[in-house]
Amino acid sequence: MVINVGELKKGITIELDGQPYQVIDYSSQKMQARAPTVKLKLKELKTGRSIEKAYNGFAVKFNLAAVETKPAQFIYREDKDYYFMDSQTFDQFPIPTEQLGNDSLYLKEQMEVDIIFYNEAAISGQHPTFSELEVTDTPPSVKGNTAQGGTKPATLETGLVVNLPFFINIGCYCSISDSVFFYGPSHDSV
């Protein structure tokens with residue numbers, strides 16, 4: 001399906017050079033006696049890389065990409081691939097680590113995620129809004145270092161490194177998205 005500039009929306013997926021791109025942001029400027037300029041900020045769905053493109057002209061058209069999002073469960077990691085199982089058909093399929101990008105650091109076994117398919121092939125995944133992960137490594141707290149409310153680096157069970165308050169120790173759990181929202185002493189008390 002072909003759309004014009006007036007039908008662009010944030011979040012829509014278009015096809016450029018045979019690859020699916022999600023529109024992150026766009027703007028259109030029209031000056032007197034000149035063709036309008038359309039500026040797009042796009043995210044390539046296969047690699048997660050962001051690019052910017054500009055188009056001039058009255059007849060700028062875009063092809064919609066045939067992408068589909070399906071729920072799946074992350075089941076295990078082997079070498080450089082993450083394996084998922086379709087929640088409806090129970091089919092299993094791998095996605096390479098480089099295609100998942102930083103989203104792989106939020107994945108824990110048995111977690112439900114949305115997988116993006118392009119031309120019936122799994123190309124990417126979207127981690128859930130919150131991931132509950134255990135702190136596996138962090139320096140010990142030192143008495144008196146919390147007066148200013150500082151933070152220290154902590155490694156979570158998936159290898160993700162975040163800055164947490166000084167009172168967090170190994171074995172604590174935290175619910176995170178792109179920043180930390182909740183801390184708990186153990187999984188049972190969360």
# chains A, B, ... in the order shown; residues from 1 in each chain; ligands from 1

$ residues_around --residues "segment 105-118 of chain A" --least-positions-apart "3" --cutoff "7 Å" --atoms "only C-alpha atoms" --output "ChimeraX atom specification"
/A:66-76,102,121-128,131,158-160

$ residues_around --residues "Asn169 of chain A" --least-positions-apart "6" --cutoff "9 Å" --atoms "only C-alpha atoms" --output "PDB file with all heavy atoms, in the first residue's frame"
ATOM      1  N   VAL A 135      19.956  -8.255  41.045  1.00  0.00           N
ATOM      2  CA  VAL A 135      21.293  -7.660  41.090  1.00  0.00           C
ATOM      3  C   VAL A 135      22.280  -8.792  41.384  1.00  0.00           C
ATOM      4  O   VAL A 135      22.183  -9.461  42.413  1.00  0.00           O
ATOM      5  CB  VAL A 135      21.389  -6.561  42.171  1.00  0.00           C
ATOM      6  CG1 VAL A 135      22.806  -6.022  42.265  1.00  0.00           C
ATOM      7  CG2 VAL A 135      20.404  -5.443  41.882  1.00  0.00           C
ATOM      8  N   THR A 136      23.235  -9.022  40.472  1.00  0.00           N
ATOM      9  CA  THR A 136      24.202 -10.107  40.656  1.00  0.00           C
ATOM     10  C   THR A 136      25.576  -9.615  41.069  1.00  0.00           C
ATOM     11  O   THR A 136      26.372 -10.381  41.594  1.00  0.00           O
ATOM     12  CB  THR A 136      24.349 -10.938  39.371  1.00  0.00           C
ATOM     13  OG1 THR A 136      24.729 -10.072  38.300  1.00  0.00           O
ATOM     14  CG2 THR A 136      23.045 -11.647  39.029  1.00  0.00           C
ATOM     15  N   ASP A 137      25.859  -8.325  40.839  1.00  0.00           N
ATOM     16  CA  ASP A 137      27.164  -7.800  41.234  1.00  0.00           C
ATOM     17  C   ASP A 137      27.055  -6.298  41.450  1.00  0.00           C
ATOM     18  O   ASP A 137      26.508  -5.577  40.607  1.00  0.00           O
ATOM     19  CB  ASP A 137      28.212  -8.096  40.152  1.00  0.00           C
ATOM     20  CG  ASP A 137      29.620  -7.703  40.593  1.00  0.00           C
ATOM     21  OD1 ASP A 137      29.927  -7.841  41.790  1.00  0.00           O
ATOM     22  OD2 ASP A 137      30.397  -7.257  39.735  1.00  0.00           O
ATOM     23  N   THR A 138      27.568  -5.854  42.582  1.00  0.00           N
ATOM     24  CA  THR A 138      27.635  -4.424  42.891  1.00  0.00           C
ATOM     25  C   THR A 138      28.616  -4.257  44.042  1.00  0.00           C
ATOM     26  O   THR A 138      28.747  -5.149  44.888  1.00  0.00           O
ATOM     27  CB  THR A 138      26.243  -3.846  43.242  1.00  0.00           C
ATOM     28  OG1 THR A 138      26.346  -2.424  43.338  1.00  0.00           O
ATOM     29  CG2 THR A 138      25.692  -4.410  44.524  1.00  0.00           C
ATOM     30  N   PRO A 139      29.351  -3.159  44.089  1.00  0.00           N
ATOM     31  CA  PRO A 139      30.280  -2.969  45.208  1.00  0.00           C
ATOM     32  C   PRO A 139      29.508  -2.829  46.529  1.00  0.00           C
ATOM     33  O   PRO A 139      28.372  -2.355  46.540  1.00  0.00           O
ATOM     34  CB  PRO A 139      31.025  -1.683  44.869  1.00  0.00           C
ATOM     35  CG  PRO A 139      30.402  -1.115  43.664  1.00  0.00           C
ATOM     36  CD  PRO A 139      29.407  -2.074  43.128  1.00  0.00           C
ATOM     37  N   PRO A 140      30.117  -3.240  47.620  1.00  0.00           N
ATOM     38  CA  PRO A 140      29.424  -3.120  48.914  1.00  0.00           C
ATOM     39  C   PRO A 140      29.238  -1.657  49.310  1.00  0.00           C
ATOM     40  O   PRO A 140      29.994  -0.777  48.903  1.00  0.00           O
ATOM     41  CB  PRO A 140      30.349  -3.837  49.888  1.00  0.00           C
ATOM     42  CG  PRO A 140      31.679  -3.839  49.236  1.00  0.00           C
ATOM     43  CD  PRO A 140      31.443  -3.820  47.756  1.00  0.00           C
ATOM     44  N   SER A 141      28.207  -1.427  50.108  1.00  0.00           N
ATOM     45  CA  SER A 141      27.956  -0.078  50.616  1.00  0.00           C
ATOM     46  C   SER A 141      28.941   0.230  51.730  1.00  0.00           C
ATOM     47  O   SER A 141      29.335  -0.639  52.488  1.00  0.00           O
ATOM     48  CB  SER A 141      26.531   0.016  51.158  1.00  0.00           C
ATOM     49  OG  SER A 141      25.616  -0.201  50.126  1.00  0.00           O
ATOM     50  N   ALA A 154      25.650  -1.331  39.169  1.00  0.00           N
ATOM     51  CA  ALA A 154      25.205  -2.668  39.548  1.00  0.00           C
ATOM     52  C   ALA A 154      24.970  -3.472  38.271  1.00  0.00           C
ATOM     53  O   ALA A 154      24.396  -2.970  37.301  1.00  0.00           O
ATOM     54  CB  ALA A 154      23.920  -2.595  40.360  1.00  0.00           C
ATOM     55  N   PRO A 185      14.057  -6.268  48.356  1.00  0.00           N
ATOM     56  CA  PRO A 185      15.114  -7.076  48.939  1.00  0.00           C
ATOM     57  C   PRO A 185      15.203  -8.471  48.354  1.00  0.00           C
ATOM     58  O   PRO A 185      16.263  -9.045  48.257  1.00  0.00           O
ATOM     59  CB  PRO A 185      14.738  -7.135  50.427  1.00  0.00           C
ATOM     60  CG  PRO A 185      13.293  -6.840  50.473  1.00  0.00           C
ATOM     61  CD  PRO A 185      12.995  -5.961  49.300  1.00  0.00           C
TER      62      PRO A 185
END

$ closest_residue --among "A:Leu156, A:Ile51, A:Met85, A:Val23" --to "Val5 of chain A" --atoms "only C-alpha atoms"
A:Val23

$ closest_atom_pairs --of "segment 44-113 of chain A" --to "segment 31-37 of chain A" --cutoff "6 Å" --atoms "only C-alpha atoms" --output "Markdown table"
| residue | atom | partner | partner_atom | distance |
| --- | --- | --- | --- | --- |
| A:Tyr55 | CA | A:Thr37 | CA | 5.7 |
| A:Asn56 | CA | A:Thr37 | CA | 4.6 |
| A:Gly57 | CA | A:Ala35 | CA | 4.9 |
| A:Phe58 | CA | A:Ala35 | CA | 5.8 |

$ write_last_selection --atoms "N, CA, C and O atoms" --output "PDB file, in the first residue's frame"
ATOM      1  N   TYR A  55      13.117  14.623   1.947  1.00  0.00           N
ATOM      2  CA  TYR A  55      12.567  14.477   0.608  1.00  0.00           C
ATOM      3  C   TYR A  55      11.954  15.810   0.181  1.00  0.00           C
ATOM      4  O   TYR A  55      11.325  16.485   0.977  1.00  0.00           O
ATOM      5  N   ASN A  56      12.155  16.154  -1.090  1.00  0.00           N
ATOM      6  CA  ASN A  56      11.572  17.366  -1.653  1.00  0.00           C
ATOM      7  C   ASN A  56      10.614  16.976  -2.761  1.00  0.00           C
ATOM      8  O   ASN A  56      10.889  16.048  -3.518  1.00  0.00           O
ATOM      9  N   GLY A  57       9.522  17.680  -2.867  1.00  0.00           N
ATOM     10  CA  GLY A  57       8.616  17.443  -3.987  1.00  0.00           C
ATOM     11  C   GLY A  57       7.169  17.391  -3.566  1.00  0.00           C
ATOM     12  O   GLY A  57       6.845  17.222  -2.394  1.00  0.00           O
ATOM     13  N   PHE A  58       6.298  17.516  -4.567  1.00  0.00           N
ATOM     14  CA  PHE A  58       4.863  17.499  -4.310  1.00  0.00           C
ATOM     15  C   PHE A  58       4.319  16.074  -4.263  1.00  0.00           C
ATOM     16  O   PHE A  58       3.312  15.816  -3.634  1.00  0.00           O
TER      17      PHE A  58
END

$ residues_around --residues "Glu98 of chain A" --least-positions-apart "4" --cutoff "10 Å" --atoms "only C-alpha atoms" --output "ChimeraX atom specification"
/A:46-48,80-81,102-104,124

$ residues_around --residues "segment 13-19 of chain A" --least-positions-apart "4" --cutoff "6 Å" --atoms "only C-alpha atoms" --output "PyMOL selection string"
chain A and resi 63-65

$ select_by_dssp --residues "chain A" --states "alpha helix (DSSP H)" --output "number ranges by chain"
A: 97-100

$ atom_distance --atom1 "atom CA of Asn119 of chain A" --atom2 "atom CA of Gly6 of chain A"
25.9 Å

$ closest_residue --among "A:Val38, A:Ile95, A:Leu100, A:Ile176" --to "Thr129 of chain A" --atoms "only C-alpha atoms"
A:Ile176

$ atom_distance --atom1 "atom CA of Ile12 of chain A" --atom2 "atom CA of Asp86 of chain A"
23.5 Å

$ atom_distance --atom1 "atom CA of Glu7 of chain A" --atom2 "atom CA of Ser50 of chain A"
21.2 Å

$ closest_residue --among "A:Phe62, A:Tyr82, A:Asp25, A:Arg49" --to "Met1 of chain A" --atoms "only C-alpha atoms"
A:Phe62

$ select_by_dssp --residues "chain A" --states "strand (DSSP E or B)" --output "MDAnalysis selection string"
chainID A and resid 2:4 13:16 19:29 37:44 50:56 61:64 67:78 81:86 92:96 112:118 121:126 131:137 151:156 161:165 173:176 180:184

$ residues_around --residues "Lys152 of chain A" --least-positions-apart "5" --cutoff "7 Å" --atoms "only C-alpha atoms" --output "number ranges by chain"
A: 163-166
